[in-house]
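Quick notes on the structure that follows.
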Amino acid sequence: MDFSQFNSAEQAHISKVIEKKQMQDFMRMYSNLVDRCFNACCNDFTSKALGSKEEQCVLNCTDKFLKHSERVGARFAEQNADMMNAQGQ
Amino acid sequence: MDFSQFNSAEQAHISKVIEKKQMQDFMRMYSNLVDRCFNACCNDFTSKALGSKEEQCVLNCTDKFLKHSERVGARFAEQNADMMNAQGQ
Amino acid sequence: MDFSQFNSAEQAHISKVIEKKQMQDFMRMYSNLVDRCFNACCNDFTSKALGSKEEQCVLNCTDKFLKHSERVGARFAEQNADMMNAQGQ
Amino acid sequence: MSFLGRGGQSSSGVNPEKMEMAVEQLDMITDVFNRIVSSCHAKCISPRYAEGDLNKGESVCIDRCVAKFFEVNKKVGERLQSQGPGAAAGGIGGGSAFGSL
Amino acid sequence: MSFLGRGGQSSSGVNPEKMEMAVEQLDMITDVFNRIVSSCHAKCISPRYAEGDLNKGESVCIDRCVAKFFEVNKKVGERLQSQGPGAAAGGIGGGSAFGSL
Amino acid sequence: MSFLGRGGQSSSGVNPEKMEMAVEQLDMITDVFNRIVSSCHAKCISPRYAEGDLNKGESVCIDRCVAKFFEVNKKVGERLQSQGPGAAAGGIGGGSAFGSL
């Protein structure tokens, strides 16, 4: 994403849009994480309270997803950089 | 959702938005229901006509989903109310 | 979709919208196809390079999906036409 | 949500409301189409992908699958309408979060 | 993104920003509701569909499932906040593509 | 769809079209990123969640999975382009509902 193509007004506008998108992205990640960890960790509905094993599973599931997502982000940036160089951009 | 924060023009506007959202919500529920019941009930493609067993399955699937969704709505409202009180709102 | 109900300015506008929608539709189909064929064909991560069997699987998966989608399009148009006639439109 | 004034029913200009409805209809047709492509792919295409063409069995399965999907689409629609205004008017009792606000 | 001027805090007119926030809140409530309907349907309803009513077991399962979903929703929220501002401020290091631009 | 006048190529003002394109590009990058996170999570992370850290095997799997996803992304793109203008121009024969209107 080459920002030099924008004048200062446009750069201000774009960073406001990016900020809003990051917030939406975070909310979507949050909702998906609740779905993912609920489906993986909660299978016993003999009680409505979260058991200690279920709770530990939810915390591990959350931590592991964040680390997974962070590592994908790093590799993703490298792949993008390789592609940009390959296209001589 | 506390409506007192809005003046009358805003309340009129919001209820129009809610009405449109309810319609969109209903259409989305309808499409998801067709997917869900088709995938669950239709597995035999030796004929293109809906068999009586398949048809009964689709009707039960629809009824059961509506009742399920209604019950979740009731529990959802209770949980939301508890959360509001807990936050002393 | 009966276009006669629109005047020429509206028809110009609508076809511009359709063109944009077709492009978005194509991009969505492209992304879904990558997901679909990656999930179906890539299960061995002992190496990060695409094996020849995996590559052939991805190409077959892509071709088959396009042919599948084309055939659904034809049947879809026939079903729609039947429905329109049935409603005497 | 457009705060602009309502476009008059002028014969030459572009009527925003008519445009919006037409676009919504287009989106609905595309949505149903994409759902059928996805459902019938799951029902009819084996994920072995040995070749790129559709074989006889897959082609016949697709044709019947599309027909059956339309029937189920009609059946579910009739059932929802028979549930009385609540369902049809877009807001079954508990069916949407708004009901519980 | 509205290029229109900011709506003043007038007592009679419609304040676009307040509307936008209210609509966003509505969308979030609806999204959580729809996710619970879908998750608890998968957990509690068997896909045999022998009858159209909910049996005892399914009803009790739904009630507990909704309660548990809210608890998990709270737990995950607390965990994300405890990850420090990065997570809470909506942009975990690698968590979003923007971080890697 | 903006009914506003085209923003001129002014050096100081905000050019709506340029903004729209930039936002679309951002959305596409984010979409691909989120799809890789989801696909590689399914391929590399076992749902037992015995601990919160990534083990050696999971980390190596993620690195290779991201690389392979990019390759498949390229392969599918080339295949679609080789299908001739129809595919590339965004509207394969039956590929979209519009083709059948």
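Following the order of the structure tokens, chains are lettered A, B, ..., residues in each are numbered from 1, and ligands are numbered from 1.
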Exercise for the section: When you get a sec, could you note down which chain F residues fall within 7 Å of chain A, using only C-alpha atoms, as a ChimeraX atom specification? Expected result: /F:11-14,37,47,49,51-54,62-63,66
Any chance you can output those residues with N, CA, C and O atoms as an mmCIF file, in the first residue's frame?
```cif
data_model
loop_
_atom_site.group_PDB
_atom_site.id
_atom_site.type_symbol
_atom_site.label_atom_id
_atom_site.label_comp_id
_atom_site.auth_asym_id
_atom_site.auth_seq_id
_atom_site.Cartn_x
_atom_site.Cartn_y
_atom_site.Cartn_z
ATOM 1 N N SER F 11 -5.123 18.988 -6.198
ATOM 2 C CA SER F 11 -3.953 18.527 -5.419
ATOM 3 C C SER F 11 -4.247 18.626 -3.937
ATOM 4 O O SER F 11 -3.627 17.974 -3.130
ATOM 5 N N SER F 12 -5.223 19.443 -3.506
ATOM 6 C CA SER F 12 -5.395 19.614 -2.057
ATOM 7 C C SER F 12 -6.611 18.833 -1.572
ATOM 8 O O SER F 12 -6.565 18.161 -0.566
ATOM 9 N N GLY F 13 -7.715 18.810 -2.313
ATOM 10 C CA GLY F 13 -8.954 18.175 -1.832
ATOM 11 C C GLY F 13 -8.819 16.666 -1.803
ATOM 12 O O GLY F 13 -7.805 16.093 -2.190
ATOM 13 N N VAL F 14 -9.890 16.022 -1.325
ATOM 14 C CA VAL F 14 -9.881 14.558 -1.243
ATOM 15 C C VAL F 14 -10.582 14.016 -2.493
ATOM 16 O O VAL F 14 -11.711 14.370 -2.779
ATOM 17 N N VAL F 37 -5.553 -16.953 7.917
ATOM 18 C CA VAL F 37 -5.593 -17.245 9.360
ATOM 19 C C VAL F 37 -6.540 -18.414 9.611
ATOM 20 O O VAL F 37 -6.214 -19.391 10.301
ATOM 21 N N PRO F 47 -7.477 -28.972 17.923
ATOM 22 C CA PRO F 47 -8.472 -28.329 18.802
ATOM 23 C C PRO F 47 -8.476 -28.888 20.225
ATOM 24 O O PRO F 47 -9.472 -28.779 20.939
ATOM 25 N N TYR F 49 -6.234 -27.902 22.552
ATOM 26 C CA TYR F 49 -5.902 -26.723 23.369
ATOM 27 C C TYR F 49 -5.366 -27.101 24.734
ATOM 28 O O TYR F 49 -5.837 -26.630 25.757
ATOM 29 N N GLU F 51 -2.300 -26.418 25.733
ATOM 30 C CA GLU F 51 -1.621 -25.227 26.277
ATOM 31 C C GLU F 51 -1.874 -24.028 25.369
ATOM 32 O O GLU F 51 -2.386 -24.189 24.272
ATOM 33 N N GLY F 52 -1.485 -22.871 25.837
ATOM 34 C CA GLY F 52 -1.795 -21.636 25.125
ATOM 35 C C GLY F 52 -0.721 -21.235 24.122
ATOM 36 O O GLY F 52 -0.929 -20.400 23.269
ATOM 37 N N ASP F 53 0.482 -21.863 24.211
ATOM 38 C CA ASP F 53 1.549 -21.485 23.269
ATOM 39 C C ASP F 53 1.516 -22.376 22.034
ATOM 40 O O ASP F 53 0.969 -23.477 22.054
ATOM 41 N N LEU F 54 2.129 -21.894 20.967
ATOM 42 C CA LEU F 54 2.288 -22.699 19.755
ATOM 43 C C LEU F 54 3.459 -23.653 19.998
ATOM 44 O O LEU F 54 4.499 -23.243 20.482
ATOM 45 N N ILE F 62 2.538 -23.606 10.322
ATOM 46 C CA ILE F 62 1.960 -22.296 9.947
ATOM 47 C C ILE F 62 2.809 -21.634 8.865
ATOM 48 O O ILE F 62 2.291 -21.168 7.836
ATOM 49 N N ASP F 63 4.135 -21.644 9.056
ATOM 50 C CA ASP F 63 5.014 -20.993 8.066
ATOM 51 C C ASP F 63 4.815 -21.612 6.681
ATOM 52 O O ASP F 63 4.665 -20.899 5.681
ATOM 53 N N VAL F 66 1.233 -20.814 5.121
ATOM 54 C CA VAL F 66 1.062 -19.474 4.530
ATOM 55 C C VAL F 66 1.697 -19.461 3.135
ATOM 56 O O VAL F 66 1.098 -18.990 2.161
#
```
Exercise for the section: Hey, list the chain F side of the contact with chain E: 12 Å cut-off, only C-alpha atoms, answer as a PyMOL selection string. Expected result: chain F and resi 2+4+7+13-16+19-20+23+25-37+52
What would the file look like if the residues just selected were written as a JSON list (two decimals), in the first residue's frame with N, CA and C atoms?
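Generated file (selection-v3.json):
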```json
[["chain", "number", "residue", "atom", "x", "y", "z"],
["F", 2, "SER", "N", -22.17, 6.87, -5.74],
["F", 2, "SER", "CA", -22.29, 8.25, -5.23],
["F", 2, "SER", "C", -22.88, 9.12, -6.34],
["F", 4, "LEU", "N", -22.78, 12.21, -6.10],
["F", 4, "LEU", "CA", -22.11, 13.51, -6.01],
["F", 4, "LEU", "C", -21.28, 13.69, -7.28],
["F", 7, "GLY", "N", -14.98, 14.01, -8.11],
["F", 7, "GLY", "CA", -13.98, 14.89, -7.49],
["F", 7, "GLY", "C", -12.88, 15.16, -8.51],
["F", 13, "GLY", "N", -7.72, 18.81, -2.31],
["F", 13, "GLY", "CA", -8.95, 18.18, -1.83],
["F", 13, "GLY", "C", -8.82, 16.67, -1.80],
["F", 14, "VAL", "N", -9.89, 16.02, -1.32],
["F", 14, "VAL", "CA", -9.88, 14.56, -1.24],
["F", 14, "VAL", "C", -10.58, 14.02, -2.49],
["F", 15, "ASN", "N", -9.89, 13.16, -3.23],
["F", 15, "ASN", "CA", -10.47, 12.63, -4.47],
["F", 15, "ASN", "C", -11.27, 11.37, -4.13],
["F", 16, "PRO", "N", -12.59, 11.43, -4.14],
["F", 16, "PRO", "CA", -13.43, 10.30, -3.68],
["F", 16, "PRO", "C", -13.08, 8.99, -4.38],
["F", 19, "MET", "N", -9.97, 7.48, -3.12],
["F", 19, "MET", "CA", -10.21, 6.95, -1.77],
["F", 19, "MET", "C", -10.90, 5.59, -1.86],
["F", 20, "GLU", "N", -11.91, 5.55, -2.74],
["F", 20, "GLU", "CA", -12.70, 4.31, -2.84],
["F", 20, "GLU", "C", -11.80, 3.15, -3.26],
["F", 23, "VAL", "N", -9.56, 2.05, -0.44],
["F", 23, "VAL", "CA", -10.30, 1.31, 0.59],
["F", 23, "VAL", "C", -10.58, -0.11, 0.09],
["F", 25, "GLN", "N", -8.82, -1.82, -1.95],
["F", 25, "GLN", "CA", -7.58, -2.61, -1.91],
["F", 25, "GLN", "C", -7.31, -3.07, -0.47],
["F", 26, "LEU", "N", -7.55, -2.16, 0.48],
["F", 26, "LEU", "CA", -7.37, -2.51, 1.90],
["F", 26, "LEU", "C", -8.26, -3.68, 2.27],
["F", 27, "ASP", "N", -9.53, -3.60, 1.83],
["F", 27, "ASP", "CA", -10.47, -4.67, 2.18],
["F", 27, "ASP", "C", -10.01, -6.00, 1.60],
["F", 28, "MET", "N", -9.45, -5.96, 0.38],
["F", 28, "MET", "CA", -9.03, -7.22, -0.24],
["F", 28, "MET", "C", -7.86, -7.83, 0.52],
["F", 29, "ILE", "N", -6.89, -6.98, 0.90],
["F", 29, "ILE", "CA", -5.73, -7.49, 1.65],
["F", 29, "ILE", "C", -6.21, -8.11, 2.97],
["F", 30, "THR", "N", -7.12, -7.40, 3.65],
["F", 30, "THR", "CA", -7.62, -7.92, 4.93],
["F", 30, "THR", "C", -8.36, -9.24, 4.73],
["F", 31, "ASP", "N", -9.13, -9.32, 3.63],
["F", 31, "ASP", "CA", -9.90, -10.55, 3.39],
["F", 31, "ASP", "C", -8.98, -11.74, 3.18],
["F", 32, "VAL", "N", -7.95, -11.55, 2.34],
["F", 32, "VAL", "CA", -7.01, -12.66, 2.10],
["F", 32, "VAL", "C", -6.33, -13.05, 3.41],
["F", 33, "PHE", "N", -5.91, -12.04, 4.19],
["F", 33, "PHE", "CA", -5.25, -12.32, 5.47],
["F", 33, "PHE", "C", -6.16, -13.16, 6.37],
["F", 34, "ASN", "N", -7.42, -12.74, 6.52],
["F", 34, "ASN", "CA", -8.34, -13.47, 7.40],
["F", 34, "ASN", "C", -8.60, -14.89, 6.92],
["F", 35, "ARG", "N", -8.61, -15.08, 5.59],
["F", 35, "ARG", "CA", -8.83, -16.43, 5.06],
["F", 35, "ARG", "C", -7.63, -17.33, 5.35],
["F", 36, "ILE", "N", -6.43, -16.76, 5.27],
["F", 36, "ILE", "CA", -5.23, -17.57, 5.57],
["F", 36, "ILE", "C", -5.23, -17.94, 7.06],
["F", 37, "VAL", "N", -5.55, -16.95, 7.92],
["F", 37, "VAL", "CA", -5.59, -17.24, 9.36],
["F", 37, "VAL", "C", -6.54, -18.41, 9.61],
["F", 52, "GLY", "N", -1.48, -22.87, 25.84],
["F", 52, "GLY", "CA", -1.80, -21.64, 25.13],
["F", 52, "GLY", "C", -0.72, -21.23, 24.12]]
```
Could you give me, as a PDB file with N, CA, C and O atoms, in the first residue's frame, the residues within 9 Å of Glu54 of chain C, counting only C-alpha atoms and dropping anything in the same chain fewer than 6 positions from it?
```
ATOM      1  N   PHE C  38      -7.622 -25.124  -1.775  1.00  0.00           N
ATOM      2  CA  PHE C  38      -6.519 -25.264  -0.806  1.00  0.00           C
ATOM      3  C   PHE C  38      -6.919 -26.284   0.262  1.00  0.00           C
ATOM      4  O   PHE C  38      -6.180 -27.206   0.577  1.00  0.00           O
ATOM      5  N   CYS C  41      -7.082 -29.860  -1.347  1.00  0.00           N
ATOM      6  CA  CYS C  41      -5.897 -30.448  -1.995  1.00  0.00           C
ATOM      7  C   CYS C  41      -4.623 -30.371  -1.155  1.00  0.00           C
ATOM      8  O   CYS C  41      -3.676 -31.118  -1.414  1.00  0.00           O
ATOM      9  N   CYS C  42      -4.545 -29.496  -0.173  1.00  0.00           N
ATOM     10  CA  CYS C  42      -3.266 -29.324   0.538  1.00  0.00           C
ATOM     11  C   CYS C  42      -3.382 -29.810   1.980  1.00  0.00           C
ATOM     12  O   CYS C  42      -3.971 -29.137   2.827  1.00  0.00           O
ATOM     13  N   ASN C  43      -2.842 -31.004   2.235  1.00  0.00           N
ATOM     14  CA  ASN C  43      -2.909 -31.538   3.596  1.00  0.00           C
ATOM     15  C   ASN C  43      -1.541 -31.930   4.118  1.00  0.00           C
ATOM     16  O   ASN C  43      -1.411 -32.386   5.240  1.00  0.00           O
TER      17      ASN C  43
END
```
Practice task
List every residue of segment 2-87 of chain D that DSSP, applied to the backbone of this structure, assigns to helix (DSSP H, G or I), and report them as an MDAnalysis selection string.
Solution key: chainID D and resid 16:44 56:82 85:87
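For the atom pair formed by atom CA of Ala42 of chain E and atom CA of Val60 of chain E, the distance is 14.4 Å, given to one decimal.
Distance-wise, atom CA of Gln81 of chain E and atom CA of Glu24 of chain F end up 29.7 Å apart.
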